[in-house]
file model.csv (CSV, C-alpha atoms and all ligand atoms)
chain,number,residue,atom,x,y,z
P,1018,MET,CA,1.6,1.3,0.3
P,1019,ASN,CA,0.6,4.6,-1.3
P,1020,PHE,CA,-1.3,3.2,-4.4
P,1021,GLU,CA,0.0,5.9,-6.6
P,1022,SER,CA,0.5,3.2,-9.3
P,1023,PHE,CA,-1.1,-0.2,-9.8
P,1024,THR,CA,-0.5,-2.4,-6.7
P,1025,LEU,CA,-0.9,-6.1,-6.9
P,1026,LEU,CA,-1.7,-7.8,-3.6
P,1027,ALA,CA,-1.5,-11.4,-2.8
P,1028,ALA,CA,-4.8,-12.0,-1.0
P,1029,THR,CA,-4.4,-14.5,1.8
P,1030,ASP,CA,-5.4,-15.7,5.2
P,1031,ASP,CA,-1.8,-17.0,5.9
P,1032,LEU,CA,1.2,-14.8,6.0
P,1033,GLY,CA,3.3,-17.9,5.4
P,1034,VAL,CA,2.7,-17.4,1.7
P,1035,GLU,CA,4.9,-14.3,1.6
P,1036,PRO,CA,8.0,-16.0,0.2
P,1037,ALA,CA,6.0,-17.5,-2.6
P,1038,ALA,CA,4.4,-14.2,-3.4
P,1039,ARG,CA,7.5,-12.0,-3.6
P,1040,ALA,CA,8.1,-12.7,-7.3
P,1041,ASP,CA,4.7,-11.3,-8.4
P,1042,ALA,CA,3.2,-9.3,-5.6
P,1043,ASP,CA,3.8,-5.7,-4.4
P,1044,GLY,CA,2.2,-6.6,-1.1
P,1045,LEU,CA,-0.1,-8.9,0.8
P,1046,GLU,CA,-3.7,-8.5,1.8
P,1047,LEU,CA,-4.2,-10.3,5.1
P,1048,ARG,CA,-7.9,-11.3,5.3
P,1049,MET,CA,-8.0,-11.4,9.1
P,1050,ASP,CA,-11.6,-12.6,9.1
P,1051,PHE,CA,-10.5,-15.8,7.2
P,1052,ALA,CA,-7.3,-16.3,9.2
P,1053,ASP,CA,-6.4,-18.4,12.2
P,1054,GLU,CA,-4.7,-16.2,14.8
P,1055,PRO,CA,-4.1,-13.2,12.5
P,1056,LEU,CA,-2.5,-11.0,15.2
P,1057,ALA,CA,-0.1,-13.8,16.2
P,1058,GLN,CA,0.7,-14.2,12.5
P,1059,LEU,CA,1.6,-10.5,12.4
P,1060,ASP,CA,3.7,-10.8,15.6
P,1061,ASP,CA,5.7,-13.5,13.9
P,1062,TYR,CA,5.9,-11.9,10.4
P,1063,ASP,CA,9.4,-11.3,9.1
P,1064,GLY,CA,8.6,-11.1,5.4
P,1065,ASP,CA,9.6,-8.3,3.0
P,1066,LEU,CA,6.2,-7.4,1.5
P,1067,PRO,CA,4.0,-4.7,3.1
P,1068,ILE,CA,0.6,-5.7,4.3
P,1069,LEU,CA,-2.9,-4.4,3.9
P,1070,VAL,CA,-5.2,-5.7,6.6
P,1071,THR,CA,-8.9,-6.5,6.1
P,1072,ASN,CA,-11.3,-7.7,8.7
P,1073,ARG,CA,-14.6,-8.0,6.7
P,1074,PRO,CA,-17.8,-8.2,8.6
P,1075,THR,CA,-20.5,-10.8,7.8
P,1076,TRP,CA,-22.9,-8.0,6.5
P,1077,GLU,CA,-20.3,-7.2,3.8
P,1078,GLY,CA,-19.6,-10.8,2.7
P,1079,GLY,CA,-16.8,-11.6,5.2
P,1080,GLU,CA,-16.6,-13.8,8.3
P,1081,ALA,CA,-16.0,-11.3,11.1
P,1082,ALA,CA,-18.8,-10.7,13.6
P,1083,ASP,CA,-19.8,-7.0,13.8
P,1084,THR,CA,-18.3,-6.3,17.2
P,1085,ALA,CA,-16.0,-3.7,18.7
P,1086,GLY,CA,-13.4,-6.4,18.7
P,1087,ARG,CA,-13.4,-6.5,14.9
P,1088,LEU,CA,-12.2,-2.9,14.8
P,1089,ASP,CA,-9.9,-3.4,17.8
P,1090,ALA,CA,-8.1,-6.1,15.9
P,1091,LEU,CA,-7.6,-3.8,13.0
P,1092,GLU,CA,-6.2,-1.1,15.3
P,1093,THR,CA,-3.8,-3.6,16.9
P,1094,ALA,CA,-2.7,-4.8,13.5
P,1095,LEU,CA,-1.9,-1.2,12.5
P,1096,LYS,CA,0.8,-1.1,15.2
P,1097,HIS,CA,2.9,-3.5,13.2
P,1098,ASP,CA,5.5,-1.7,11.0
P,1099,ALA,CA,4.8,-4.2,8.1
P,1100,VAL,CA,1.1,-3.1,8.1
P,1101,THR,CA,1.0,0.0,5.8
P,1102,ALA,CA,-2.7,0.0,4.8
P,1103,VAL,CA,-6.1,-0.9,6.1
P,1104,ASP,CA,-9.4,-1.7,4.4
P,1105,LEU,CA,-12.5,-0.2,5.9
P,1106,GLU,CA,-16.0,-0.7,4.6
P,1107,LEU,CA,-17.8,2.5,3.3
P,1108,ALA,CA,-20.9,1.3,5.1
P,1109,ALA,CA,-19.0,1.0,8.4
P,1110,LEU,CA,-17.7,4.5,8.0
P,1111,GLU,CA,-21.1,5.9,7.1
P,1112,GLY,CA,-22.7,4.4,10.2
P,1113,ALA,CA,-23.9,0.9,9.3
P,1114,GLY,CA,-23.4,-1.8,11.9
P,1115,ASP,CA,-23.0,-1.1,15.6
P,1116,HIS,CA,-19.5,0.4,15.7
P,1117,ASP,CA,-17.8,3.5,14.3
P,1118,ALA,CA,-15.0,2.5,12.0
P,1119,GLY,CA,-13.8,6.1,11.9
P,1120,ARG,CA,-11.5,5.4,14.9
P,1121,VAL,CA,-9.6,2.8,12.9
P,1122,ALA,CA,-9.1,5.4,10.1
P,1123,ASP,CA,-7.7,7.8,12.7
P,1124,VAL,CA,-5.2,5.1,14.0
P,1125,ALA,CA,-4.2,4.4,10.4
P,1126,ARG,CA,-3.4,8.0,9.8
P,1127,ASP,CA,-1.5,8.3,13.1
P,1128,HIS,CA,0.7,5.4,11.9
P,1129,GLY,CA,1.1,6.8,8.4
P,1130,ALA,CA,-0.9,4.0,6.9
P,1131,SER,CA,-3.2,4.3,3.8
P,1132,VAL,CA,-7.0,3.8,4.2
P,1133,VAL,CA,-8.8,1.8,1.4
P,1134,VAL,CA,-12.5,2.4,1.7
P,1135,SER,CA,-14.4,-0.5,0.2
P,1136,THR,CA,-17.8,-1.4,-1.0
P,1137,HIS,CA,-19.0,-4.7,-2.4
P,1138,ASN,CA,-22.0,-6.1,-4.3
P,1139,PHE,CA,-22.2,-9.8,-4.5
P,1140,GLU,CA,-25.3,-9.9,-6.6
P,1141,SER,CA,-25.0,-7.2,-9.3
P,1142,THR,CA,-23.3,-4.1,-10.7
P,1143,PRO,CA,-24.9,-0.7,-10.5
P,1144,ASP,CA,-25.1,1.6,-13.5
P,1145,ARG,CA,-22.2,3.8,-14.2
P,1146,ASP,CA,-23.5,6.9,-12.5
P,1147,ALA,CA,-24.3,5.0,-9.4
P,1148,ILE,CA,-20.8,3.5,-9.4
P,1149,VAL,CA,-19.3,6.9,-9.7
P,1150,SER,CA,-21.5,8.3,-6.9
P,1151,ARG,CA,-20.7,5.5,-4.5
P,1152,LEU,CA,-17.0,5.6,-5.3
P,1153,GLU,CA,-16.8,9.3,-4.8
P,1154,ARG,CA,-18.3,8.8,-1.3
P,1155,ALA,CA,-15.6,6.2,-0.7
P,1156,CYS,CA,-12.8,8.4,-2.0
P,1157,ASP,CA,-14.0,11.2,0.3
P,1158,ARG,CA,-13.3,9.0,3.4
P,1159,GLY,CA,-10.0,7.5,2.5
P,1160,ASP,CA,-6.9,7.3,0.2
P,1161,VAL,CA,-8.5,4.8,-2.2
P,1162,GLY,CA,-12.1,4.2,-3.0
P,1163,LYS,CA,-12.7,0.5,-3.9
P,1164,MET,CA,-15.7,-1.2,-5.5
P,1165,ALA,CA,-16.0,-5.0,-6.2
P,1166,SER,CA,-19.3,-5.7,-7.8
P,1167,THR,CA,-20.7,-8.8,-9.6
P,1168,ALA,CA,-21.0,-8.6,-13.3
P,1169,GLN,CA,-23.9,-10.4,-15.0
P,1170,SER,CA,-23.0,-9.1,-18.5
P,1171,PRO,CA,-20.4,-7.3,-20.6
P,1172,ASP,CA,-22.4,-4.1,-20.1
P,1173,ASP,CA,-21.8,-4.4,-16.3
P,1174,VAL,CA,-18.0,-4.5,-17.0
P,1175,LEU,CA,-18.3,-1.5,-19.3
P,1176,ALA,CA,-20.1,0.5,-16.6
P,1177,MET,CA,-17.3,-0.3,-14.1
P,1178,LEU,CA,-14.5,0.5,-16.6
P,1179,GLY,CA,-16.2,3.7,-17.6
P,1180,ALA,CA,-16.6,4.8,-14.0
P,1181,THR,CA,-13.0,3.9,-13.3
P,1182,ARG,CA,-11.8,6.0,-16.2
P,1183,GLU,CA,-14.0,8.9,-15.3
P,1184,LEU,CA,-12.9,9.0,-11.6
P,1185,THR,CA,-9.3,8.6,-12.5
P,1186,ALA,CA,-9.5,11.5,-15.0
P,1187,ASP,CA,-11.0,13.5,-12.1
P,1188,GLY,CA,-7.9,12.8,-10.0
P,1189,GLU,CA,-9.4,10.2,-7.7
P,1190,GLN,CA,-7.6,7.0,-6.6
P,1191,VAL,CA,-9.9,4.1,-7.1
P,1192,ALA,CA,-9.6,0.3,-7.2
P,1193,THR,CA,-12.3,-1.5,-9.2
P,1194,MET,CA,-13.1,-5.0,-10.2
P,1195,CYS,CA,-16.1,-7.1,-11.3
P,1196,MET,CA,-16.5,-10.4,-9.6
P,1197,GLY,CA,-17.7,-13.6,-11.1
P,1198,ALA,CA,-17.2,-15.3,-14.5
P,1199,ALA,CA,-18.6,-12.5,-16.5
P,1200,GLY,CA,-16.5,-10.0,-14.8
P,1201,ARG,CA,-13.2,-11.9,-14.5
P,1202,HIS,CA,-11.4,-10.1,-17.3
P,1203,SER,CA,-12.0,-6.8,-15.6
P,1204,ARG,CA,-9.3,-7.7,-13.1
P,1205,ALA,CA,-6.7,-7.5,-15.9
P,1206,VAL,CA,-8.3,-4.7,-17.8
P,1207,ALA,CA,-9.4,-2.2,-15.1
P,1208,PRO,CA,-5.8,-1.3,-14.3
P,1209,LEU,CA,-5.5,0.2,-17.8
P,1210,TYR,CA,-8.4,2.5,-17.0
P,1211,GLY,CA,-6.9,3.6,-13.7
P,1212,SER,CA,-7.7,0.9,-11.1
P,1213,ARG,CA,-4.9,1.0,-8.5
P,1214,ILE,CA,-5.2,-2.3,-6.6
P,1215,GLY,CA,-5.5,-6.0,-7.8
P,1216,TYR,CA,-6.1,-9.0,-5.5
P,1217,ALA,CA,-5.1,-12.5,-6.3
P,1218,PRO,CA,-4.3,-15.6,-4.3
P,1219,VAL,CA,-0.9,-17.4,-4.7
P,1220,ASP,CA,-2.8,-20.7,-5.1
P,1221,PRO,CA,-6.0,-20.4,-7.2
P,1222,ALA,CA,-7.6,-22.8,-4.7
P,1223,ASP,CA,-7.3,-20.0,-2.0
P,1224,ALA,CA,-9.4,-17.4,-3.8
P,1225,THR,CA,-10.9,-14.8,-1.5
P,1226,ALA,CA,-13.6,-13.7,-4.0
P,1227,PRO,CA,-15.3,-15.1,-7.1
P,1228,GLY,CA,-13.4,-14.9,-10.4
P,1229,GLN,CA,-9.9,-14.1,-9.1
P,1230,TYR,CA,-7.0,-15.2,-11.2
P,1231,ASP,CA,-4.0,-16.6,-9.4
P,1232,LEU,CA,-1.2,-14.2,-8.6
P,1233,ALA,CA,1.2,-15.2,-11.3
P,1234,THR,CA,-1.5,-15.2,-14.0
P,1235,LEU,CA,-2.8,-11.7,-13.0
P,1236,ARG,CA,0.7,-10.3,-12.9
P,1237,THR,CA,1.4,-11.7,-16.4
P,1238,LEU,CA,-1.9,-10.5,-17.8
P,1239,VAL,CA,-1.7,-6.9,-16.4
P,1240,GLY,CA,2.0,-6.7,-17.4
P,1241,GLN,CA,1.4,-7.7,-21.0
P,1242,LEU,CA,-1.6,-5.4,-21.4
P,1243,GLN,CA,0.3,-2.5,-19.9
P,1244,ASN,CA,3.3,-3.1,-22.2
P,1245,ASP,CA,0.9,-3.1,-25.2
P,1246,GLY,CA,0.2,0.5,-24.5
X,1,LIG,O1,-12.4,-6.3,-1.4
X,1,LIG,C1,-11.6,-7.1,-1.9
X,1,LIG,C2,-11.6,-7.4,-3.3
X,1,LIG,C3,-12.0,-8.9,-3.5
X,1,LIG,O2,-13.3,-9.1,-3.1
X,1,LIG,C4,-11.9,-9.3,-5.0
X,1,LIG,O3,-12.9,-9.3,-5.6
X,1,LIG,O4,-10.7,-9.6,-5.4
X,1,LIG,C5,-11.0,-9.7,-2.7
X,1,LIG,C6,-11.0,-9.4,-1.2
X,1,LIG,O5,-10.1,-10.1,-0.5
X,1,LIG,C7,-10.7,-7.9,-1.0
X,1,LIG,O6,-10.8,-7.5,0.3

call {"tool": "encode", "arguments": {"input": "model.csv", "output": "structure tokens"}}
result
Amino acid sequence: MNFESFTLLAATDDLGVEPAARADADGLELRMDFADEPLAQLDDYDGDLPILVTNRPTWEGGEAADTAGRLDALETALKHDAVTAVDLELAALEGAGDHDAGRVADVARDHGASVVVSTHNFESTPDRDAIVSRLERACDRGDVGKMASTAQSPDDVLAMLGATRELTADGEQVATMCMGAAGRHSRAVAPLYGSRIGYAPVDPADATAPGQYDLATLRTLVGQLQNDG
């Protein structure tokens, strides 16, 4: 996955959804922190879609303990040919937590995999300049800078879309979305402003974040809006 154009990922904790995702997804996001035996799942995987692996620590809204083992698991996952991208938290790359995530980025590059550097806010959305500044730091450390914030108003979504457009115009690769009910439509609209990655569960009951559309719906929405252009 090079993310040179919009890439829609089926977000999941179960690689068994791959056949059902093929019609609408460009790849899978395996949320290793949500999954049962994620490395065994990767050992058994024989699907067609490429995989981005994420192992989100508890301090960034996930379920993985902040241990060296969390990063070790990502490094082991990167040894699988189907794994062509990895998500690393900006905070982990900038020294938060107890372990240096930079070693995972090095392994990713050794395997020709893309590095998505992510940052999340489950309470609010910063102003546009703060979004730009934080995403620039993320872009400096990987191939795509990603922000998922929580919108409380249409103004929050406007700030995220404006930042997305600004950074894209500057030549940066970003992935942006606003979580929650007020931000939900940004998942369909942000790609028109340059966002490179979307996340959606095959089954809406299996959402990995607030406000996600199901995969088929998001593919339809983005496709129709892109065709309107
Ligand atoms: O960081 C992201 C984005 C996301 O939180 C979303 O809002 O769709 C979903 C997560 O699975 C993914 O790792």

call {"tool": "closest_residue", "arguments": {"input": "model.csv", "among": "P:Asp1083, P:Asp1053, P:Asp1065, P:Asp1104", "to": "ligand LIG 1 (chain X)", "atoms": "all atoms listed in the file"}}
result
P:Asp1104

call {"tool": "atom_distance", "arguments": {"input": "model.csv", "atom1": "CA of Asp1089 (chain P)", "atom2": "atom C5 of ligand LIG 1 (chain X)"}}
result
21.5 Å

call {"tool": "closest_atom_pairs", "arguments": {"input": "model.csv", "of": "chain P", "to": "ligand LIG 1 (chain X)", "cutoff": "8 Å", "atoms": "all atoms listed in the file", "output": "Markdown table"}}
result
| residue | atom | partner | partner_atom | distance |
| --- | --- | --- | --- | --- |
| P:Ala1028 | CA | X:LIG1 | O5 | 5.7 |
| P:Thr1029 | CA | X:LIG1 | O5 | 7.6 |
| P:Glu1046 | CA | X:LIG1 | O5 | 7.0 |
| P:Arg1048 | CA | X:LIG1 | O5 | 6.3 |
| P:Thr1071 | CA | X:LIG1 | O6 | 6.2 |
| P:Arg1073 | CA | X:LIG1 | O6 | 7.5 |
| P:Asp1104 | CA | X:LIG1 | O6 | 7.2 |
| P:Ser1135 | CA | X:LIG1 | O1 | 6.3 |
| P:Thr1136 | CA | X:LIG1 | O1 | 7.3 |
| P:His1137 | CA | X:LIG1 | O1 | 6.9 |
| P:Lys1163 | CA | X:LIG1 | O1 | 7.3 |
| P:Met1164 | CA | X:LIG1 | O1 | 7.3 |
| P:Ala1165 | CA | X:LIG1 | O3 | 5.3 |
| P:Ser1166 | CA | X:LIG1 | O3 | 7.7 |
| P:Met1194 | CA | X:LIG1 | O3 | 6.3 |
| P:Cys1195 | CA | X:LIG1 | O3 | 6.9 |
| P:Met1196 | CA | X:LIG1 | O3 | 5.5 |
| P:Gly1215 | CA | X:LIG1 | O4 | 6.8 |
| P:Tyr1216 | CA | X:LIG1 | O4 | 4.6 |
| P:Ala1217 | CA | X:LIG1 | O4 | 6.4 |
| P:Ala1224 | CA | X:LIG1 | C5 | 7.9 |
| P:Thr1225 | CA | X:LIG1 | O5 | 4.9 |
| P:Ala1226 | CA | X:LIG1 | O2 | 4.7 |
| P:Pro1227 | CA | X:LIG1 | O3 | 6.5 |
| P:Gly1228 | CA | X:LIG1 | O3 | 7.4 |
| P:Gln1229 | CA | X:LIG1 | O4 | 5.9 |

call {"tool": "residues_around", "arguments": {"input": "model.csv", "residues": "Asn1019 (chain P)", "least_positions_apart": "4", "cutoff": "9 Å", "atoms": "only C-alpha atoms", "output": "NGL selection string"}}
result
:P and (1024 or 1101-1102 or 1130-1131 or 1160)

call {"tool": "closest_residue", "arguments": {"input": "model.csv", "among": "P:Gln1243, P:Leu1152, P:Asp1220, P:Leu1184", "to": "Pro1208 (chain P)", "atoms": "all atoms listed in the file"}}
result
P:Gln1243

call {"tool": "residues_near_point", "arguments": {"input": "model.csv", "point": "(-24.8, 1.8, -17.9)", "cutoff": "10 Å", "atoms": "all atoms listed in the file", "output": "compact mmCIF listing (two decimals) with C-alpha atoms, keeping the file's coordinate frame"}}
result
# COMPACT_ATOMS: atom_id res chain seq x y z
CA THR P 1142 -23.30 -4.10 -10.70
CA PRO P 1143 -24.90 -0.70 -10.50
CA ASP P 1144 -25.10 1.60 -13.50
CA ARG P 1145 -22.20 3.80 -14.20
CA ASP P 1146 -23.50 6.90 -12.50
CA ALA P 1147 -24.30 5.00 -9.40
CA ILE P 1148 -20.80 3.50 -9.40
CA ASP P 1172 -22.40 -4.10 -20.10
CA ASP P 1173 -21.80 -4.40 -16.30
CA VAL P 1174 -18.00 -4.50 -17.00
CA LEU P 1175 -18.30 -1.50 -19.30
CA ALA P 1176 -20.10 0.50 -16.60
CA MET P 1177 -17.30 -0.30 -14.10
CA GLY P 1179 -16.20 3.70 -17.60
CA ALA P 1180 -16.60 4.80 -14.00

call {"tool": "residues_around", "arguments": {"input": "model.csv", "residues": "Ala1155 (chain P)", "least_positions_apart": "2", "cutoff": "10 Å", "atoms": "all atoms listed in the file", "output": "list of chain:residue names"}}
result
P:Leu1105, P:Glu1106, P:Leu1107, P:Ala1108, P:Leu1110, P:Glu1111, P:Val1133, P:Val1134, P:Ser1135, P:Thr1136, P:Val1149, P:Ser1150, P:Arg1151, P:Leu1152, P:Glu1153, P:Asp1157, P:Arg1158, P:Gly1159, P:Asp1160, P:Val1161, P:Gly1162, P:Lys1163, P:Met1164, P:Gln1190, P:Val1191

call {"tool": "closest_residue", "arguments": {"input": "model.csv", "among": "P:Glu1189, P:Asp1115, P:Pro1074, P:Val1219", "to": "Gly1044 (chain P)", "atoms": "all atoms listed in the file"}}
result
P:Val1219

call {"tool": "atom_distance", "arguments": {"input": "model.csv", "atom1": "CA of His1202 (chain P)", "atom2": "CA of Leu1235 (chain P)"}}
result
9.7 Å

call {"tool": "atom_distance", "arguments": {"input": "model.csv", "atom1": "CA of Asn1244 (chain P)", "atom2": "CA of Met1018 (chain P)"}}
result
23.0 Å

call {"tool": "closest_residue", "arguments": {"input": "model.csv", "among": "P:Val1100, P:Leu1088, P:Leu1026, P:Met1049", "to": "Tyr1062 (chain P)", "atoms": "only C-alpha atoms"}}
result
P:Val1100

call {"tool": "closest_residue", "arguments": {"input": "model.csv", "among": "P:Ala1125, P:Ala1205, P:Ala1109, P:Ala1186", "to": "Asp1231 (chain P)", "atoms": "all atoms listed in the file"}}
result
P:Ala1205

call {"tool": "closest_residue", "arguments": {"input": "model.csv", "among": "P:Leu1045, P:Leu1091, P:Glu1054, P:Ser1022", "to": "Pro1218 (chain P)", "atoms": "only C-alpha atoms"}}
result
P:Leu1045

call {"tool": "residues_around", "arguments": {"input": "model.csv", "residues": "Asp1060 (chain P)", "least_positions_apart": "3", "cutoff": "12 Å", "atoms": "only C-alpha atoms", "output": "number ranges by chain"}}
result
P: 1032, 1054-1057, 1063-1064, 1093-1100

call {"tool": "build_atoms", "arguments": {"input": "model.csv", "residues": "region 1227-1245 of chain P", "atoms": "N, CA, C and O atoms", "output": "PDB file, in the frame of the given file"}}
result
ATOM      1  N   PRO P1227     -15.049 -14.420  -5.851  1.00  0.00           N
ATOM      2  CA  PRO P1227     -15.300 -15.100  -7.100  1.00  0.00           C
ATOM      3  C   PRO P1227     -14.623 -14.492  -8.305  1.00  0.00           C
ATOM      4  O   PRO P1227     -14.631 -13.274  -8.484  1.00  0.00           O
ATOM      5  N   GLY P1228     -14.009 -15.324  -9.117  1.00  0.00           N
ATOM      6  CA  GLY P1228     -13.400 -14.900 -10.400  1.00  0.00           C
ATOM      7  C   GLY P1228     -11.985 -14.426 -10.294  1.00  0.00           C
ATOM      8  O   GLY P1228     -11.429 -13.931 -11.275  1.00  0.00           O
ATOM      9  N   GLN P1229     -11.334 -14.557  -9.163  1.00  0.00           N
ATOM     10  CA  GLN P1229      -9.900 -14.100  -9.100  1.00  0.00           C
ATOM     11  C   GLN P1229      -9.036 -15.029  -9.924  1.00  0.00           C
ATOM     12  O   GLN P1229      -9.219 -16.240  -9.971  1.00  0.00           O
ATOM     13  N   TYR P1230      -8.075 -14.414 -10.590  1.00  0.00           N
ATOM     14  CA  TYR P1230      -7.000 -15.200 -11.200  1.00  0.00           C
ATOM     15  C   TYR P1230      -5.955 -15.463 -10.092  1.00  0.00           C
ATOM     16  O   TYR P1230      -5.916 -14.755  -9.076  1.00  0.00           O
ATOM     17  N   ASP P1231      -5.113 -16.454 -10.293  1.00  0.00           N
ATOM     18  CA  ASP P1231      -4.000 -16.600  -9.400  1.00  0.00           C
ATOM     19  C   ASP P1231      -2.999 -15.498  -9.580  1.00  0.00           C
ATOM     20  O   ASP P1231      -2.982 -14.837 -10.629  1.00  0.00           O
ATOM     21  N   LEU P1232      -2.143 -15.316  -8.610  1.00  0.00           N
ATOM     22  CA  LEU P1232      -1.200 -14.200  -8.600  1.00  0.00           C
ATOM     23  C   LEU P1232      -0.348 -14.087  -9.813  1.00  0.00           C
ATOM     24  O   LEU P1232      -0.241 -13.023 -10.459  1.00  0.00           O
ATOM     25  N   ALA P1233       0.304 -15.178 -10.160  1.00  0.00           N
ATOM     26  CA  ALA P1233       1.200 -15.200 -11.300  1.00  0.00           C
ATOM     27  C   ALA P1233       0.518 -14.850 -12.592  1.00  0.00           C
ATOM     28  O   ALA P1233       1.009 -14.072 -13.432  1.00  0.00           O
ATOM     29  N   THR P1234      -0.672 -15.409 -12.754  1.00  0.00           N
ATOM     30  CA  THR P1234      -1.500 -15.200 -14.000  1.00  0.00           C
ATOM     31  C   THR P1234      -1.861 -13.695 -14.067  1.00  0.00           C
ATOM     32  O   THR P1234      -1.709 -13.066 -15.120  1.00  0.00           O
ATOM     33  N   LEU P1235      -2.344 -13.132 -12.966  1.00  0.00           N
ATOM     34  CA  LEU P1235      -2.800 -11.700 -13.000  1.00  0.00           C
ATOM     35  C   LEU P1235      -1.597 -10.812 -13.256  1.00  0.00           C
ATOM     36  O   LEU P1235      -1.693  -9.866 -14.042  1.00  0.00           O
ATOM     37  N   ARG P1236      -0.471 -11.093 -12.637  1.00  0.00           N
ATOM     38  CA  ARG P1236       0.700 -10.300 -12.900  1.00  0.00           C
ATOM     39  C   ARG P1236       1.081 -10.324 -14.387  1.00  0.00           C
ATOM     40  O   ARG P1236       1.384  -9.296 -15.004  1.00  0.00           O
ATOM     41  N   THR P1237       1.049 -11.506 -14.971  1.00  0.00           N
ATOM     42  CA  THR P1237       1.400 -11.700 -16.400  1.00  0.00           C
ATOM     43  C   THR P1237       0.385 -10.910 -17.275  1.00  0.00           C
ATOM     44  O   THR P1237       0.775 -10.165 -18.176  1.00  0.00           O
ATOM     45  N   LEU P1238      -0.899 -11.086 -17.000  1.00  0.00           N
ATOM     46  CA  LEU P1238      -1.900 -10.500 -17.800  1.00  0.00           C
ATOM     47  C   LEU P1238      -1.821  -8.933 -17.770  1.00  0.00           C
ATOM     48  O   LEU P1238      -1.798  -8.255 -18.802  1.00  0.00           O
ATOM     49  N   VAL P1239      -1.734  -8.387 -16.569  1.00  0.00           N
ATOM     50  CA  VAL P1239      -1.700  -6.900 -16.400  1.00  0.00           C
ATOM     51  C   VAL P1239      -0.382  -6.424 -17.069  1.00  0.00           C
ATOM     52  O   VAL P1239      -0.382  -5.435 -17.811  1.00  0.00           O
ATOM     53  N   GLY P1240       0.733  -7.114 -16.836  1.00  0.00           N
ATOM     54  CA  GLY P1240       2.000  -6.700 -17.400  1.00  0.00           C
ATOM     55  C   GLY P1240       1.980  -6.655 -18.924  1.00  0.00           C
ATOM     56  O   GLY P1240       2.432  -5.691 -19.549  1.00  0.00           O
ATOM     57  N   GLN P1241       1.405  -7.680 -19.543  1.00  0.00           N
ATOM     58  CA  GLN P1241       1.400  -7.700 -21.000  1.00  0.00           C
ATOM     59  C   GLN P1241       0.451  -6.630 -21.555  1.00  0.00           C
ATOM     60  O   GLN P1241       0.798  -5.958 -22.531  1.00  0.00           O
ATOM     61  N   LEU P1242      -0.684  -6.414 -20.907  1.00  0.00           N
ATOM     62  CA  LEU P1242      -1.600  -5.400 -21.400  1.00  0.00           C
ATOM     63  C   LEU P1242      -0.987  -3.990 -21.208  1.00  0.00           C
ATOM     64  O   LEU P1242      -1.114  -3.120 -22.067  1.00  0.00           O
ATOM     65  N   GLN P1243      -0.313  -3.769 -20.091  1.00  0.00           N
ATOM     66  CA  GLN P1243       0.300  -2.500 -19.900  1.00  0.00           C
ATOM     67  C   GLN P1243       1.448  -2.240 -20.875  1.00  0.00           C
ATOM     68  O   GLN P1243       1.629  -1.122 -21.370  1.00  0.00           O
ATOM     69  N   ASN P1244       2.163  -3.280 -21.228  1.00  0.00           N
ATOM     70  CA  ASN P1244       3.300  -3.100 -22.200  1.00  0.00           C
ATOM     71  C   ASN P1244       2.720  -2.879 -23.610  1.00  0.00           C
ATOM     72  O   ASN P1244       3.382  -2.254 -24.442  1.00  0.00           O
ATOM     73  N   ASP P1245       1.494  -3.357 -23.880  1.00  0.00           N
ATOM     74  CA  ASP P1245       0.900  -3.100 -25.200  1.00  0.00           C
ATOM     75  C   ASP P1245       0.673  -1.631 -25.445  1.00  0.00           C
ATOM     76  O   ASP P1245       0.661  -1.161 -26.580  1.00  0.00           O
TER      77      ASP P1245
END
